[in-house]
>>> print(open('data_6.tsv').read())   # TSV, N, CA and C atoms
chain	number	residue	atom	x	y	z
N	1	MET	N	42.55	-11.90	98.55
N	1	MET	CA	42.61	-13.21	97.94
N	1	MET	C	41.96	-14.21	98.88
N	2	SER	N	41.14	-15.10	98.34
N	2	SER	CA	40.48	-16.12	99.14
N	2	SER	C	41.44	-17.24	99.50
N	3	LYS	N	41.27	-17.78	100.70
N	3	LYS	CA	41.91	-19.05	101.04
N	3	LYS	C	40.90	-20.11	100.64
N	4	ILE	N	41.30	-20.98	99.75
N	4	ILE	CA	40.35	-21.95	99.20
N	4	ILE	C	41.03	-23.30	99.09
N	5	SER	N	40.25	-24.35	99.31
N	5	SER	CA	40.80	-25.69	99.14
N	5	SER	C	39.73	-26.58	98.53
N	6	VAL	N	40.21	-27.59	97.84
N	6	VAL	CA	39.34	-28.61	97.25
N	6	VAL	C	39.94	-29.94	97.67
N	7	ALA	N	39.13	-30.77	98.29
N	7	ALA	CA	39.63	-32.07	98.73
N	7	ALA	C	38.52	-33.10	98.62
N	8	ALA	N	38.93	-34.33	98.44
N	8	ALA	CA	37.97	-35.43	98.34
N	8	ALA	C	38.43	-36.57	99.26
N	9	PRO	N	37.63	-36.86	100.30
N	9	PRO	CA	37.93	-38.04	101.11
N	9	PRO	C	37.71	-39.30	100.28
N	10	LEU	N	38.68	-40.18	100.27
N	10	LEU	CA	38.59	-41.41	99.46
N	10	LEU	C	38.07	-42.56	100.30
N	11	VAL	N	37.51	-43.56	99.64
N	11	VAL	CA	36.90	-44.68	100.35
N	11	VAL	C	37.92	-45.47	101.17
N	12	ASN	N	39.20	-45.35	100.85
N	12	ASN	CA	40.22	-46.07	101.63
N	12	ASN	C	40.71	-45.26	102.84
N	13	GLY	N	40.11	-44.09	103.08
N	13	GLY	CA	40.49	-43.26	104.22
N	13	GLY	C	41.49	-42.17	103.90
N	14	ASP	N	42.10	-42.20	102.71
N	14	ASP	CA	43.03	-41.15	102.31
N	14	ASP	C	42.26	-39.89	101.92
N	15	LEU	N	42.99	-38.81	101.75
N	15	LEU	CA	42.40	-37.56	101.31
N	15	LEU	C	43.12	-37.10	100.05
N	16	TRP	N	42.36	-36.88	98.97
N	16	TRP	CA	42.93	-36.35	97.73
N	16	TRP	C	42.83	-34.84	97.79
N	17	ASP	N	43.97	-34.17	97.76
N	17	ASP	CA	44.04	-32.71	97.81
N	17	ASP	C	44.85	-32.26	96.59
N	18	PRO	N	44.18	-32.02	95.47
N	18	PRO	CA	44.91	-31.77	94.22
N	18	PRO	C	45.64	-30.43	94.17
N	19	LEU	N	45.30	-29.48	95.03
N	19	LEU	CA	45.87	-28.14	94.92
N	19	LEU	C	46.78	-27.74	96.08
N	20	GLY	N	46.65	-28.34	97.22
N	20	GLY	CA	47.46	-27.96	98.37
N	20	GLY	C	46.91	-26.74	99.09
N	21	GLN	N	47.66	-26.27	100.08
N	21	GLN	CA	47.18	-25.23	100.99
N	21	GLN	C	47.19	-23.83	100.40
N	22	ASP	N	48.02	-23.54	99.43
N	22	ASP	CA	48.16	-22.18	98.92
N	22	ASP	C	47.44	-21.97	97.60
N	23	ALA	N	46.32	-22.64	97.39
N	23	ALA	CA	45.59	-22.54	96.14
N	23	ALA	C	44.88	-21.19	96.01
N	24	SER	N	44.85	-20.68	94.79
N	24	SER	CA	44.10	-19.46	94.50
N	24	SER	C	42.77	-19.86	93.85
N	25	CYS	N	41.87	-18.92	93.76
N	25	CYS	CA	40.61	-19.16	93.06
N	25	CYS	C	40.88	-19.58	91.62
N	26	GLU	N	41.86	-18.95	91.00
N	26	GLU	CA	42.23	-19.29	89.62
N	26	GLU	C	42.63	-20.76	89.51
N	27	ASP	N	43.35	-21.28	90.51
N	27	ASP	CA	43.74	-22.70	90.51
N	27	ASP	C	42.52	-23.61	90.52
N	28	VAL	N	41.49	-23.23	91.30
N	28	VAL	CA	40.28	-24.05	91.38
N	28	VAL	C	39.53	-24.03	90.05
N	29	VAL	N	39.42	-22.85	89.44
N	29	VAL	CA	38.74	-22.76	88.13
N	29	VAL	C	39.47	-23.61	87.10
N	30	THR	N	40.80	-23.57	87.11
N	30	THR	CA	41.58	-24.38	86.17
N	30	THR	C	41.39	-25.86	86.45
N	31	LEU	N	41.34	-26.26	87.71
N	31	LEU	CA	41.11	-27.66	88.06
N	31	LEU	C	39.77	-28.15	87.49
N	32	ILE	N	38.74	-27.32	87.62
N	32	ILE	CA	37.40	-27.72	87.19
N	32	ILE	C	37.24	-27.63	85.67
N	33	CYS	N	37.73	-26.55	85.07
N	33	CYS	CA	37.48	-26.28	83.65
N	33	CYS	C	38.63	-26.65	82.73
N	34	GLY	N	39.82	-26.89	83.28
N	34	GLY	CA	40.99	-27.12	82.44
N	34	GLY	C	41.57	-25.79	82.00
N	35	ASP	N	42.64	-25.86	81.23
N	35	ASP	CA	43.27	-24.62	80.79
N	35	ASP	C	43.17	-24.40	79.28
N	36	ASP	N	42.33	-25.20	78.61
N	36	ASP	CA	42.22	-25.04	77.16
N	36	ASP	C	40.81	-24.63	76.72
N	37	LEU	N	39.97	-24.21	77.65
N	37	LEU	CA	38.62	-23.75	77.32
N	37	LEU	C	38.73	-22.34	76.75
N	38	ARG	N	38.17	-22.11	75.56
N	38	ARG	CA	38.23	-20.79	74.93
N	38	ARG	C	36.85	-20.36	74.52
N	39	PRO	N	36.43	-19.16	74.87
N	39	PRO	CA	37.13	-18.24	75.73
N	39	PRO	C	37.17	-18.77	77.15
N	40	PRO	N	38.16	-18.33	77.93
N	40	PRO	CA	38.26	-18.85	79.29
N	40	PRO	C	37.11	-18.36	80.17
N	41	PRO	N	36.73	-19.14	81.17
N	41	PRO	CA	35.64	-18.72	82.06
N	41	PRO	C	36.08	-17.56	82.94
N	42	ASN	N	35.13	-16.69	83.30
N	42	ASN	CA	35.48	-15.63	84.25
N	42	ASN	C	35.23	-16.08	85.68
N	43	SER	N	34.51	-17.22	85.84
N	43	SER	CA	34.27	-17.76	87.18
N	43	SER	C	33.69	-19.16	87.05
N	44	VAL	N	33.63	-19.84	88.19
N	44	VAL	CA	32.89	-21.09	88.33
N	44	VAL	C	31.85	-20.83	89.42
N	45	VAL	N	30.62	-21.24	89.17
N	45	VAL	CA	29.55	-21.06	90.14
N	45	VAL	C	29.02	-22.45	90.50
N	46	ILE	N	29.04	-22.75	91.79
N	46	ILE	CA	28.51	-24.02	92.29
N	46	ILE	C	27.24	-23.71	93.04
N	47	LYS	N	26.13	-24.33	92.63
N	47	LYS	CA	24.83	-24.09	93.27
N	47	LYS	C	24.33	-25.39	93.88
N	48	LEU	N	23.71	-25.27	95.04
N	48	LEU	CA	23.10	-26.45	95.66
N	48	LEU	C	21.90	-26.03	96.48
N	49	THR	N	21.03	-26.98	96.73
N	49	THR	CA	19.88	-26.78	97.60
N	49	THR	C	20.03	-27.72	98.78
N	50	THR	N	19.96	-27.19	100.00
N	50	THR	CA	20.10	-28.02	101.19
N	50	THR	C	18.81	-28.80	101.44
N	51	ASP	N	18.88	-29.75	102.34
N	51	ASP	CA	17.69	-30.51	102.71
N	51	ASP	C	16.59	-29.61	103.26
N	52	SER	N	16.99	-28.48	103.88
N	52	SER	CA	15.99	-27.57	104.45
N	52	SER	C	15.47	-26.58	103.41
N	53	GLY	N	15.94	-26.70	102.16
N	53	GLY	CA	15.44	-25.85	101.08
N	53	GLY	C	16.22	-24.58	100.85
N	54	LYS	N	17.30	-24.35	101.58
N	54	LYS	CA	18.11	-23.16	101.37
N	54	LYS	C	18.87	-23.28	100.05
N	55	GLN	N	18.93	-22.18	99.31
N	55	GLN	CA	19.67	-22.12	98.05
N	55	GLN	C	21.05	-21.55	98.35
N	56	VAL	N	22.09	-22.31	98.05
N	56	VAL	CA	23.46	-21.91	98.32
N	56	VAL	C	24.20	-21.77	96.99
N	57	GLU	N	24.92	-20.68	96.83
N	57	GLU	CA	25.70	-20.43	95.62
N	57	GLU	C	27.12	-20.02	96.03
N	58	VAL	N	28.09	-20.75	95.50
N	58	VAL	CA	29.50	-20.43	95.74
N	58	VAL	C	30.07	-19.92	94.42
N	59	TRP	N	30.56	-18.69	94.43
N	59	TRP	CA	31.11	-18.06	93.23
N	59	TRP	C	32.62	-17.98	93.39
N	60	ILE	N	33.35	-18.61	92.45
N	60	ILE	CA	34.81	-18.65	92.49
N	60	ILE	C	35.33	-17.94	91.25
N	61	PRO	N	35.94	-16.76	91.42
N	61	PRO	CA	36.43	-16.01	90.26
N	61	PRO	C	37.68	-16.65	89.67
N	62	ASN	N	37.87	-16.47	88.37
N	62	ASN	CA	39.07	-16.97	87.70
N	62	ASN	C	40.17	-15.92	87.88
N	63	SER	N	40.68	-15.84	89.09
N	63	SER	CA	41.65	-14.81	89.45
N	63	SER	C	42.51	-15.31	90.61
N	64	ASP	N	43.78	-14.90	90.59
N	64	ASP	CA	44.63	-15.26	91.71
N	64	ASP	C	44.62	-14.18	92.80
N	65	SER	N	43.82	-13.11	92.60
N	65	SER	CA	43.77	-12.06	93.61
N	65	SER	C	42.35	-11.71	94.06
N	66	ASP	N	41.32	-12.04	93.27
N	66	ASP	CA	39.94	-11.75	93.68
N	66	ASP	C	39.49	-12.74	94.76
N	67	THR	N	38.39	-12.41	95.41
N	67	THR	CA	37.87	-13.20	96.52
N	67	THR	C	36.63	-13.97	96.11
N	68	ALA	N	36.56	-15.22	96.53
N	68	ALA	CA	35.35	-16.02	96.31
N	68	ALA	C	34.25	-15.50	97.22
N	69	SER	N	33.00	-15.82	96.86
N	69	SER	CA	31.89	-15.39	97.70
N	69	SER	C	30.84	-16.49	97.80
N	70	VAL	N	30.03	-16.39	98.84
N	70	VAL	CA	28.96	-17.36	99.10
N	70	VAL	C	27.67	-16.59	99.32
N	71	ARG	N	26.62	-17.07	98.69
N	71	ARG	CA	25.29	-16.50	98.90
N	71	ARG	C	24.36	-17.60	99.39
N	72	VAL	N	23.54	-17.29	100.36
N	72	VAL	CA	22.52	-18.21	100.86
N	72	VAL	C	21.18	-17.52	100.70
N	73	ASP	N	20.29	-18.14	99.96
N	73	ASP	CA	18.98	-17.56	99.65
N	73	ASP	C	19.10	-16.13	99.14
N	74	GLY	N	20.10	-15.90	98.26
N	74	GLY	CA	20.27	-14.62	97.61
N	74	GLY	C	21.03	-13.58	98.41
N	75	LYS	N	21.43	-13.89	99.63
N	75	LYS	CA	22.15	-12.93	100.47
N	75	LYS	C	23.61	-13.36	100.60
N	76	THR	N	24.51	-12.42	100.32
N	76	THR	CA	25.93	-12.70	100.46
N	76	THR	C	26.30	-12.80	101.93
N	77	ILE	N	27.04	-13.86	102.27
N	77	ILE	CA	27.46	-14.03	103.66
N	77	ILE	C	28.97	-13.91	103.74
>>> encode(input="data_6.tsv", output="structure tokens")
Amino acid sequence: MSKISVAAPLVNGDLWDPLGQDASCEDVVTLICGDDLRPPPNSVVIKLTTDSGKQVEVWIPNSDSDTASVRVDGKTI
């Protein structure tokens, strides 16, 4: 199981942590997609390109026991 967290630093200096320390990947998928999407998602994929041109992909499975993964330029790290 992945240790995962989602947090947003707020402009007033506080930190919004909607899931807490013991969040599962499933909790993150539910936070992003809600719990009424049908059929339910099997994962959430976040993709970004860095300033240096690297392609980063974060794959978060909709599971409380599977592990999230990260790929950089197509290679799993």
>>> select_by_dssp(input="data_6.tsv", residues="chain N", states="helix (DSSP H, G or I)", output="VMD selection string")
chain N and resid 25 to 33
>>> atom_distance(input="data_6.tsv", atom1="CA of Pro41 in chain N", atom2="CA of Asp17 in chain N")
22.7 Å
>>> select_by_dssp(input="data_6.tsv", residues="chain N", states="strand (DSSP E)", output="list in words")
Ala8, Pro9, Leu15, Trp16, Ser43, Val44, Val45, Ile46, Lys47, Leu48, Thr49, Gln55, Val56, Glu57, Val58, Trp59, Ile60, Pro61, Ser69, Val70, Arg71, Val72, Lys75 and Thr76 of chain N
>>> atom_distance(input="data_6.tsv", atom1="CA of Leu31 in chain N", atom2="CA of Glu57 in chain N")
18.6 Å
>>> residues_around(input="data_6.tsv", residues="Thr67 in chain N", least_positions_apart="2", cutoff="6 Å", atoms="all atoms listed in the file", output="PyMOL selection string")
chain N and resi 1-2+61+65+69
>>> atom_distance(input="data_6.tsv", atom1="CA of Gly74 in chain N", atom2="CA of Lys54 in chain N")
9.6 Å
>>> residues_around(input="data_6.tsv", residues="Pro18 in chain N", least_positions_apart="5", cutoff="10 Å", atoms="only C-alpha atoms", output="list in words")
Ser5, Val6, Ala7, Ala8, Ala23, Asp27, Val28 and Leu31 of chain N
>>> closest_residue(input="data_6.tsv", among="N:Asp73, N:Asp22, N:Asp35, N:Asp64", to="Lys47 in chain N", atoms="only C-alpha atoms")
N:Asp73
>>> axis_aligned_box(input="data_6.tsv", around="range 34-41 of chain N", padding_each_side="6 Å", output="AutoDock Vina command-line options")
--center_x 39.5 --center_y -22.3 --center_z 78.9 --size_x 19.6 --size_y 21.6 --size_z 20.8
>>> residues_around(input="data_6.tsv", residues="range 42-44 of chain N", least_positions_apart="3", cutoff="6 Å", atoms="all atoms listed in the file", output="PDB file with N, CA and C atoms, in the frame of the given file")
ATOM      1  N   VAL N  29      39.420 -22.850  89.440  1.00  0.00           N
ATOM      2  CA  VAL N  29      38.740 -22.760  88.130  1.00  0.00           C
ATOM      3  C   VAL N  29      39.470 -23.610  87.100  1.00  0.00           C
ATOM      4  N   VAL N  58      28.090 -20.750  95.500  1.00  0.00           N
ATOM      5  CA  VAL N  58      29.500 -20.430  95.740  1.00  0.00           C
ATOM      6  C   VAL N  58      30.070 -19.920  94.420  1.00  0.00           C
ATOM      7  N   TRP N  59      30.560 -18.690  94.430  1.00  0.00           N
ATOM      8  CA  TRP N  59      31.110 -18.060  93.230  1.00  0.00           C
ATOM      9  C   TRP N  59      32.620 -17.980  93.390  1.00  0.00           C
ATOM     10  N   ILE N  60      33.350 -18.610  92.450  1.00  0.00           N
ATOM     11  CA  ILE N  60      34.810 -18.650  92.490  1.00  0.00           C
ATOM     12  C   ILE N  60      35.330 -17.940  91.250  1.00  0.00           C
ATOM     13  N   PRO N  61      35.940 -16.760  91.420  1.00  0.00           N
ATOM     14  CA  PRO N  61      36.430 -16.010  90.260  1.00  0.00           C
ATOM     15  C   PRO N  61      37.680 -16.650  89.670  1.00  0.00           C
ATOM     16  N   ASN N  62      37.870 -16.470  88.370  1.00  0.00           N
ATOM     17  CA  ASN N  62      39.070 -16.970  87.700  1.00  0.00           C
ATOM     18  C   ASN N  62      40.170 -15.920  87.880  1.00  0.00           C
TER      19      ASN N  62
END
